[in-house]
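Trainee: Quick one: the structure is below, questions incoming.
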Amino acid sequence: MSVTNFDKIAFRPTAFYRTNVAVMVLATAASLVSMDTAAQSPDGDTQLAGFYGFNDEIPEVLTTTRLRQPKTRVPGTTTVIEGEMIRDLGIMNLVEVFRLVPGMVVAEVGSNSPVTTYHGTVHYEQRRMQVLVDGRTAHRATLSDMDWQTMPVPLELIERIEVSRGPNSAAYGINAFLGTINIITRNPADTSGVEIRAIRGSRNYVRTFASVGDANDSYDWRLAFEKRKFDGFDYQSGGPDPEPFHDGHNINSFNYSSRLKVNSGFNADIRLGVVDGVNEQDKDRSGELEAVGHPDIDLRDYYLQTQLNFTPSNNHFFHILASFENYDRRQQWPIELPETAVDCLANGDLLFLKANKGLCFPGSPGGIPLTAEVNADSEDSRFELELQDTLLFSDDLKLVTGIGFREDTYRSETYFNGRGNNHQSRVFGNLEYSPTTWLTLNGGGNWERTTTTDEGYFSPRVAANFILGNNHALRFVFSKAVRTPDGFEQNPDYGYTLRNVEPAKYAGYEGYRVNSTDVWKHYSYVTLGETLKEETIVSREISYFGQFPMETGQLSLEVRLFKDELRDMISGVIQFKDWTIDNNVALDQEGVEIEASLEFPGTTFRASYGYLEQDGWYTGPVIRDENRNPDPARQEYNVDLLGRMSARHSGSLALIQELPFGIRGSSAYYWADKFRSSRFERIDFRLAKRFFQPRYSAELALTMQHYINEEPDMSSANNIADPNQLFVEAGIRF
């Protein structure tokens, strides 16, 4: 495993209420909006689309409370990114979509493993945001991590992505600590026919997509295939002989999505998928126990999902969602230990302790080395069951309630030395009430119990939205959330079992398990065996949403001011040779985020910006070095770990323009400043020509990514030889 978080970006906070000037500006601007017209009520459509359809006049979201709400009534700030925009901007992989979201950053760690986070606090393991795909939890069950590389979501099938920014445990439970990402795929009825697309580009980037489907009065279906292949970064160190980086991937996914329409009051969504392939891992970045071969991951994942949708009346809707996911990862590699290291294991000397380096790994070890194979195989699965009920008493009073159950099962000789499981059960709800045309109140919460701590937790949220005119609202939101440790954080049994041991003199080590307790690098820092408790966050938000109609276009603006207090944060190192995590850091963070779009016929301009101030301090027990002396530098290091992916300034600018001769052009600029003491900057250009014929349509496109800052971000190993990356794509649809 890798470091949970790393390096320092410490910010001295200004008082949150210095943002009062911004609040007054927002309030003044809002007060200038005419209030003669009553606040617009949600769409009165009583058909099923009334629950999951979207209003073109006021942007509506589904994710924040599980109710379909216009942005003037939703209790929080939610970014909506349409699938068409993702495709028009030439985005090449799913995780890069989140560069468009204020306050979110994207990076690559380890062997080119993509990560994304909202307001930092993570590095390798992305445990503090809930990720959903069509309502199904998408993160790995036991390690609570997101594997964006293997997500079975082709970009062509995305309808929209909603990102609820701010704690959302009131709606989705423990993992929605900092927010929720909800990926909504296209209805099979909207993709009937045949579509084929192929993309080829720099660094041996290859992506092919094909889908076939049909739609009729009783059954809609779609079968899709995607292949993603990429060589990753060009090299991991410079000099006259750059060292190559073994960090590519070759992933295949099959997806089946369908809707069975029994009658006007009942339909069933059935989805299933399979993912297989190889995710390359470089031995110098991801290998353990003196790896001499690359520990590539061979993956075999699958999921099954059924959602039964019932509409007993025009004002009542409920669904039953059942899903099962299985993540199967096989990872094996050869190792070579010098005879001196084998002697250290035999004598009980800590293998990687700094003081033992000369003893276990001398410069000229001599003797006969031990060779063997080890693995980090793991298989974990999740069964999830949910009942959600929605009641529309009137346009001014709406209620959503539900219950859920989840069972996580894990199997790994390396990480757990066996098999185990965890269970979660929850009850949730949200009430929306509008006593007048200018005020909407939301109150909701989630009570959840988990066996990882054997405790129950309640996460509440309350909000007041003051609606000014038809399309303007000022929101005041207060929320609390918790995150409990996952199965690996709480109950690890970490060790590698030696197999195929050679030569014969070491035959006694066949099947021998080298435990983490045999190899500690800093034994005085070790926290293995200590019980972890929940992390907590208290969040306050003041936000504004407004639409400004023009004669031929429209300007939309959303501004979020926030102040978060995070306590008992789990920080430290999760590695085979270093296990130091504990509830030992507190963070205060505050800032402002802006999102704006300007739309005219044939033109779309979008801008986002996030500013974050973050201050942290150590709250755990005194850390002592090997001589039992207090080690304040190590305590500060634990604080620094939670700031590695915290960017003080980040944002994006995007323009999509219809050009003559049926050509559509786009350009996007992404940046993240003071991002681990570096700056990420890239500008993308895309030109696409579309052809429309009676029996088919086609598209040819050219995309260029230009890296303005050629210095590697996050890691010195993330090197690209050519700052200009080119991609050519062609697609046809029948």
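In the structure tokens, chains take the letters A, B, ... in the order shown, each chain's residues start at 1, and ligands count up from 1 in the order shown.
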As a PyMOL selection string, please: the residues near stretch 94-110 of chain A (cut-off 7 Å, only C-alpha atoms, same-chain neighbours under 6 positions excluded).
Mentor: chain A and resi 79+86+116-119+124+148+155+285-286+593-595+608-610+650-652+670+714
Trainee: What's the 12 Å shell around A:Asp284, counting only C-alpha atoms, without same-chain residues fewer than 2 positions away, as a compact mmCIF listing (two decimals) with C-alpha atoms, in the first residue's frame?
Mentor:
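As written to disk, out-v8.txt reads:
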```
# COMPACT_ATOMS: atom_id res chain seq x y z
CA GLY A 110 2.06 5.95 -7.72
CA SER A 111 2.16 4.15 -11.06
CA GLN A 236 10.26 8.76 -14.36
CA SER A 237 13.65 10.45 -14.15
CA GLU A 243 14.41 5.76 -16.94
CA PRO A 244 11.23 4.38 -18.51
CA PHE A 245 8.03 4.27 -16.47
CA HIS A 246 6.00 1.05 -16.48
CA ASP A 247 2.62 2.64 -15.76
CA GLN A 281 2.56 -1.04 -11.85
CA ASP A 282 6.22 -0.05 -11.81
CA SER A 286 4.65 -0.11 -6.28
CA GLY A 287 6.80 -3.15 -5.56
CA GLU A 288 7.47 -4.47 -2.04
CA LEU A 289 10.06 -6.78 -0.47
CA GLU A 290 12.82 -5.94 -2.98
CA ALA A 291 10.75 -6.55 -6.10
CA VAL A 292 12.70 -7.51 -9.22
CA GLY A 293 9.64 -7.66 -11.50
CA HIS A 294 6.73 -5.34 -12.14
CA PRO A 295 3.68 -6.01 -9.89
CA ALA A 717 8.26 10.68 -11.91
```
Trainee: Residues within 12 Å of A:Met85, please, as a JSON list (two decimals) with all heavy atoms, in the first residue's frame. Count only C-alpha atoms; anything in the same chain fewer than 5 positions from it doesn't count.
Mentor:
```
[["chain", "number", "residue", "atom", "x", "y", "z"],
["A", 80, "VAL", "N", -23.32, 20.82, -12.23],
["A", 80, "VAL", "CA", -23.88, 19.92, -13.23],
["A", 80, "VAL", "C", -23.04, 20.03, -14.50],
["A", 80, "VAL", "O", -22.87, 21.13, -15.04],
["A", 80, "VAL", "CB", -25.35, 20.25, -13.54],
["A", 80, "VAL", "CG1", -25.89, 19.32, -14.63],
["A", 80, "VAL", "CG2", -26.20, 20.14, -12.28],
["A", 90, "GLY", "N", -13.51, 17.38, -25.73],
["A", 90, "GLY", "CA", -12.46, 16.43, -26.05],
["A", 90, "GLY", "C", -11.79, 15.83, -24.85],
["A", 90, "GLY", "O", -10.61, 15.45, -24.91],
["A", 91, "ILE", "N", -12.50, 15.72, -23.73],
["A", 91, "ILE", "CA", -11.93, 15.10, -22.53],
["A", 91, "ILE", "C", -11.70, 13.62, -22.81],
["A", 91, "ILE", "O", -12.57, 12.92, -23.33],
["A", 91, "ILE", "CB", -12.88, 15.31, -21.34],
["A", 91, "ILE", "CG1", -12.89, 16.81, -20.97],
["A", 91, "ILE", "CG2", -12.48, 14.46, -20.15],
["A", 91, "ILE", "CD1", -13.90, 17.19, -19.92],
["A", 97, "VAL", "N", -12.85, 15.03, -16.06],
["A", 97, "VAL", "CA", -14.07, 15.84, -16.04],
["A", 97, "VAL", "C", -14.08, 16.75, -14.82],
["A", 97, "VAL", "O", -14.56, 17.90, -14.88],
["A", 97, "VAL", "CB", -15.31, 14.94, -16.05],
["A", 97, "VAL", "CG1", -16.58, 15.75, -15.84],
["A", 97, "VAL", "CG2", -15.40, 14.15, -17.36],
["A", 100, "LEU", "N", -13.32, 20.56, -14.18],
["A", 100, "LEU", "CA", -14.31, 21.60, -14.43],
["A", 100, "LEU", "C", -15.06, 22.02, -13.17],
["A", 100, "LEU", "O", -15.83, 22.98, -13.20],
["A", 100, "LEU", "CB", -15.33, 21.10, -15.46],
["A", 100, "LEU", "CG", -14.80, 20.82, -16.88],
["A", 100, "LEU", "CD1", -15.83, 20.05, -17.68],
["A", 100, "LEU", "CD2", -14.42, 22.11, -17.58],
["A", 155, "LEU", "N", -17.39, 7.53, -21.92],
["A", 155, "LEU", "CA", -17.78, 8.94, -21.98],
["A", 155, "LEU", "C", -18.99, 9.14, -22.89],
["A", 155, "LEU", "O", -19.79, 10.05, -22.67],
["A", 155, "LEU", "CB", -16.59, 9.77, -22.49],
["A", 155, "LEU", "CG", -15.33, 9.74, -21.62],
["A", 155, "LEU", "CD1", -14.23, 10.56, -22.27],
["A", 155, "LEU", "CD2", -15.61, 10.22, -20.22],
["A", 156, "GLU", "N", -19.14, 8.30, -23.91],
["A", 156, "GLU", "CA", -20.26, 8.44, -24.84],
["A", 156, "GLU", "C", -21.60, 8.17, -24.18],
["A", 156, "GLU", "O", -22.64, 8.57, -24.71],
["A", 156, "GLU", "CB", -20.08, 7.48, -26.02],
["A", 156, "GLU", "CG", -18.98, 7.85, -26.99],
["A", 156, "GLU", "CD", -17.59, 7.48, -26.49],
["A", 156, "GLU", "OE1", -17.47, 6.85, -25.41],
["A", 156, "GLU", "OE2", -16.62, 7.82, -27.18],
["A", 158, "ILE", "N", -22.47, 9.03, -20.97],
["A", 158, "ILE", "CA", -22.78, 9.91, -19.84],
["A", 158, "ILE", "C", -23.86, 10.92, -20.25],
["A", 158, "ILE", "O", -23.71, 11.65, -21.23],
["A", 158, "ILE", "CB", -21.52, 10.65, -19.36],
["A", 158, "ILE", "CG1", -20.50, 9.66, -18.80],
["A", 158, "ILE", "CG2", -21.88, 11.69, -18.30],
["A", 158, "ILE", "CD1", -19.18, 10.29, -18.42],
["A", 159, "GLU", "N", -24.94, 10.93, -19.50],
["A", 159, "GLU", "CA", -25.99, 11.93, -19.69],
["A", 159, "GLU", "C", -25.61, 13.22, -18.98],
["A", 159, "GLU", "O", -25.68, 14.30, -19.56],
["A", 159, "GLU", "CB", -27.31, 11.41, -19.15],
["A", 159, "GLU", "CG", -28.46, 12.40, -19.25],
["A", 159, "GLU", "CD", -28.89, 12.65, -20.68],
["A", 159, "GLU", "OE1", -28.74, 11.73, -21.51],
["A", 159, "GLU", "OE2", -29.38, 13.76, -20.97],
["A", 160, "ARG", "N", -25.21, 13.11, -17.72],
["A", 160, "ARG", "CA", -24.77, 14.25, -16.93],
["A", 160, "ARG", "C", -24.07, 13.75, -15.68],
["A", 160, "ARG", "O", -24.26, 12.61, -15.25],
["A", 160, "ARG", "CB", -25.95, 15.15, -16.54],
["A", 160, "ARG", "CG", -27.02, 14.45, -15.76],
["A", 160, "ARG", "CD", -28.33, 15.21, -15.78],
["A", 160, "ARG", "NE", -28.46, 16.12, -14.65],
["A", 160, "ARG", "CZ", -28.93, 17.36, -14.73],
["A", 160, "ARG", "NH1", -29.28, 17.87, -15.89],
["A", 160, "ARG", "NH2", -29.06, 18.12, -13.66],
["A", 161, "ILE", "N", -23.25, 14.60, -15.12],
["A", 161, "ILE", "CA", -22.58, 14.33, -13.85],
["A", 161, "ILE", "C", -22.94, 15.45, -12.89],
["A", 161, "ILE", "O", -22.77, 16.63, -13.23],
["A", 161, "ILE", "CB", -21.06, 14.22, -14.00],
["A", 161, "ILE", "CG1", -20.69, 13.04, -14.91],
["A", 161, "ILE", "CG2", -20.38, 14.07, -12.64],
["A", 161, "ILE", "CD1", -19.20, 12.90, -15.17],
["A", 603, "THR", "N", -22.97, 29.30, -29.05],
["A", 603, "THR", "CA", -21.81, 29.65, -28.22],
["A", 603, "THR", "C", -22.09, 29.30, -26.77],
["A", 603, "THR", "O", -23.15, 29.64, -26.23],
["A", 603, "THR", "CB", -21.48, 31.16, -28.31],
["A", 603, "THR", "OG1", -21.23, 31.50, -29.67],
["A", 603, "THR", "CG2", -20.26, 31.49, -27.47],
["A", 604, "THR", "N", -21.14, 28.65, -26.14],
["A", 604, "THR", "CA", -21.20, 28.38, -24.71],
["A", 604, "THR", "C", -19.85, 28.71, -24.09],
["A", 604, "THR", "O", -18.81, 28.23, -24.55],
["A", 604, "THR", "CB", -21.53, 26.90, -24.42],
["A", 604, "THR", "OG1", -22.80, 26.58, -24.97],
["A", 604, "THR", "CG2", -21.56, 26.63, -22.92],
["A", 605, "PHE", "N", -19.88, 29.55, -23.07],
["A", 605, "PHE", "CA", -18.67, 29.89, -22.32],
["A", 605, "PHE", "C", -18.89, 29.51, -20.86],
["A", 605, "PHE", "O", -19.93, 29.81, -20.28],
["A", 605, "PHE", "CB", -18.34, 31.37, -22.42],
["A", 605, "PHE", "CG", -17.15, 31.78, -21.59],
["A", 605, "PHE", "CD1", -15.86, 31.47, -21.99],
["A", 605, "PHE", "CD2", -17.33, 32.46, -20.39],
["A", 605, "PHE", "CE1", -14.77, 31.83, -21.21],
["A", 605, "PHE", "CE2", -16.25, 32.82, -19.61],
["A", 605, "PHE", "CZ", -14.96, 32.51, -20.02],
["A", 606, "ARG", "N", -17.92, 28.85, -20.26],
["A", 606, "ARG", "CA", -18.05, 28.38, -18.88],
["A", 606, "ARG", "C", -16.77, 28.68, -18.12],
["A", 606, "ARG", "O", -15.66, 28.50, -18.66],
["A", 606, "ARG", "CB", -18.33, 26.88, -18.86],
["A", 606, "ARG", "CG", -18.63, 26.31, -17.49],
["A", 606, "ARG", "CD", -18.85, 24.81, -17.56],
["A", 606, "ARG", "NE", -19.26, 24.26, -16.28],
["A", 606, "ARG", "CZ", -18.41, 24.01, -15.28],
["A", 606, "ARG", "NH1", -17.12, 24.23, -15.43],
["A", 606, "ARG", "NH2", -18.87, 23.53, -14.13],
["A", 654, "ALA", "N", -13.70, 27.42, -20.31],
["A", 654, "ALA", "CA", -14.05, 26.58, -21.45],
["A", 654, "ALA", "C", -14.93, 27.36, -22.41],
["A", 654, "ALA", "O", -15.83, 28.09, -21.99],
["A", 654, "ALA", "CB", -14.75, 25.30, -20.99],
["A", 655, "LEU", "N", -14.67, 27.18, -23.70],
["A", 655, "LEU", "CA", -15.46, 27.83, -24.75],
["A", 655, "LEU", "C", -15.80, 26.79, -25.81],
["A", 655, "LEU", "O", -14.93, 26.06, -26.29],
["A", 655, "LEU", "CB", -14.67, 28.97, -25.39],
["A", 655, "LEU", "CG", -15.33, 29.64, -26.61],
["A", 655, "LEU", "CD1", -16.60, 30.38, -26.20],
["A", 655, "LEU", "CD2", -14.35, 30.60, -27.29],
["A", 656, "ILE", "N", -17.08, 26.71, -26.16],
["A", 656, "ILE", "CA", -17.55, 25.84, -27.24],
["A", 656, "ILE", "C", -18.25, 26.73, -28.26],
["A", 656, "ILE", "O", -19.17, 27.48, -27.91],
["A", 656, "ILE", "CB", -18.51, 24.75, -26.72],
["A", 656, "ILE", "CG1", -17.82, 23.90, -25.65],
["A", 656, "ILE", "CG2", -19.01, 23.87, -27.86],
["A", 656, "ILE", "CD1", -18.75, 22.95, -24.93],
["A", 657, "GLN", "N", -17.83, 26.64, -29.53],
["A", 657, "GLN", "CA", -18.31, 27.57, -30.54],
["A", 657, "GLN", "C", -18.67, 26.84, -31.84],
["A", 657, "GLN", "O", -17.89, 26.03, -32.34],
["A", 657, "GLN", "CB", -17.23, 28.62, -30.85],
["A", 657, "GLN", "CG", -17.60, 29.62, -31.92],
["A", 657, "GLN", "CD", -18.73, 30.54, -31.48],
["A", 657, "GLN", "OE1", -18.66, 31.17, -30.43],
["A", 657, "GLN", "NE2", -19.79, 30.61, -32.28],
["A", 664, "ARG", "N", -17.48, 22.41, -35.31],
["A", 664, "ARG", "CA", -17.62, 22.86, -33.93],
["A", 664, "ARG", "C", -16.23, 22.90, -33.30],
["A", 664, "ARG", "O", -15.49, 21.91, -33.32],
["A", 664, "ARG", "CB", -18.53, 21.94, -33.14],
["A", 664, "ARG", "CG", -18.65, 22.31, -31.67],
["A", 664, "ARG", "CD", -19.68, 21.48, -30.94],
["A", 664, "ARG", "NE", -21.04, 21.83, -31.38],
["A", 664, "ARG", "CZ", -22.15, 21.39, -30.79],
["A", 664, "ARG", "NH1", -22.07, 20.56, -29.76],
["A", 664, "ARG", "NH2", -23.33, 21.76, -31.23],
["A", 665, "GLY", "N", -15.89, 24.03, -32.71],
["A", 665, "GLY", "CA", -14.58, 24.19, -32.07],
["A", 665, "GLY", "C", -14.74, 24.38, -30.57],
["A", 665, "GLY", "O", -15.78, 24.87, -30.09],
["A", 666, "SER", "N", -13.72, 23.99, -29.82],
["A", 666, "SER", "CA", -13.74, 24.21, -28.37],
["A", 666, "SER", "C", -12.33, 24.40, -27.87],
["A", 666, "SER", "O", -11.35, 23.96, -28.49],
["A", 666, "SER", "CB", -14.39, 23.02, -27.65],
["A", 666, "SER", "OG", -13.58, 21.87, -27.73],
["A", 667, "SER", "N", -12.24, 25.08, -26.74],
["A", 667, "SER", "CA", -10.96, 25.26, -26.07],
["A", 667, "SER", "C", -11.22, 25.29, -24.57],
["A", 667, "SER", "O", -12.26, 25.79, -24.12],
["A", 667, "SER", "CB", -10.30, 26.58, -26.51],
["A", 667, "SER", "OG", -9.06, 26.75, -25.85],
["A", 668, "ALA", "N", -10.29, 24.72, -23.81],
["A", 668, "ALA", "CA", -10.43, 24.69, -22.35],
["A", 668, "ALA", "C", -9.07, 24.91, -21.71],
["A", 668, "ALA", "O", -8.06, 24.38, -22.20],
["A", 668, "ALA", "CB", -11.03, 23.37, -21.89]]
```
Trainee: Suppose you want the space between atom CA of A:Asp582 and atom CA of A:Ile537; what is it in Å?
Mentor: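 Atom-to-atom, atom CA of A:Asp582 to atom CA of A:Ile537, that is 16.6 Å.
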Trainee: Using only C-alpha atoms, can you tell me which of A:Asn583, A:Thr414, A:Asn112, A:Gln424 comes closest to A:Arg382?
Mentor: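 Nearest candidate to A:Arg382 out of A:Asn583, A:Thr414, A:Asn112, A:Gln424: A:Gln424.
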Trainee: Counting only C-alpha atoms, figure out which residue out of A:Leu441, A:Val115, A:Val275, A:Ile199 gets nearest to A:Pro152.
Mentor: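 Smallest distance to A:Pro152 is found for A:Val275.
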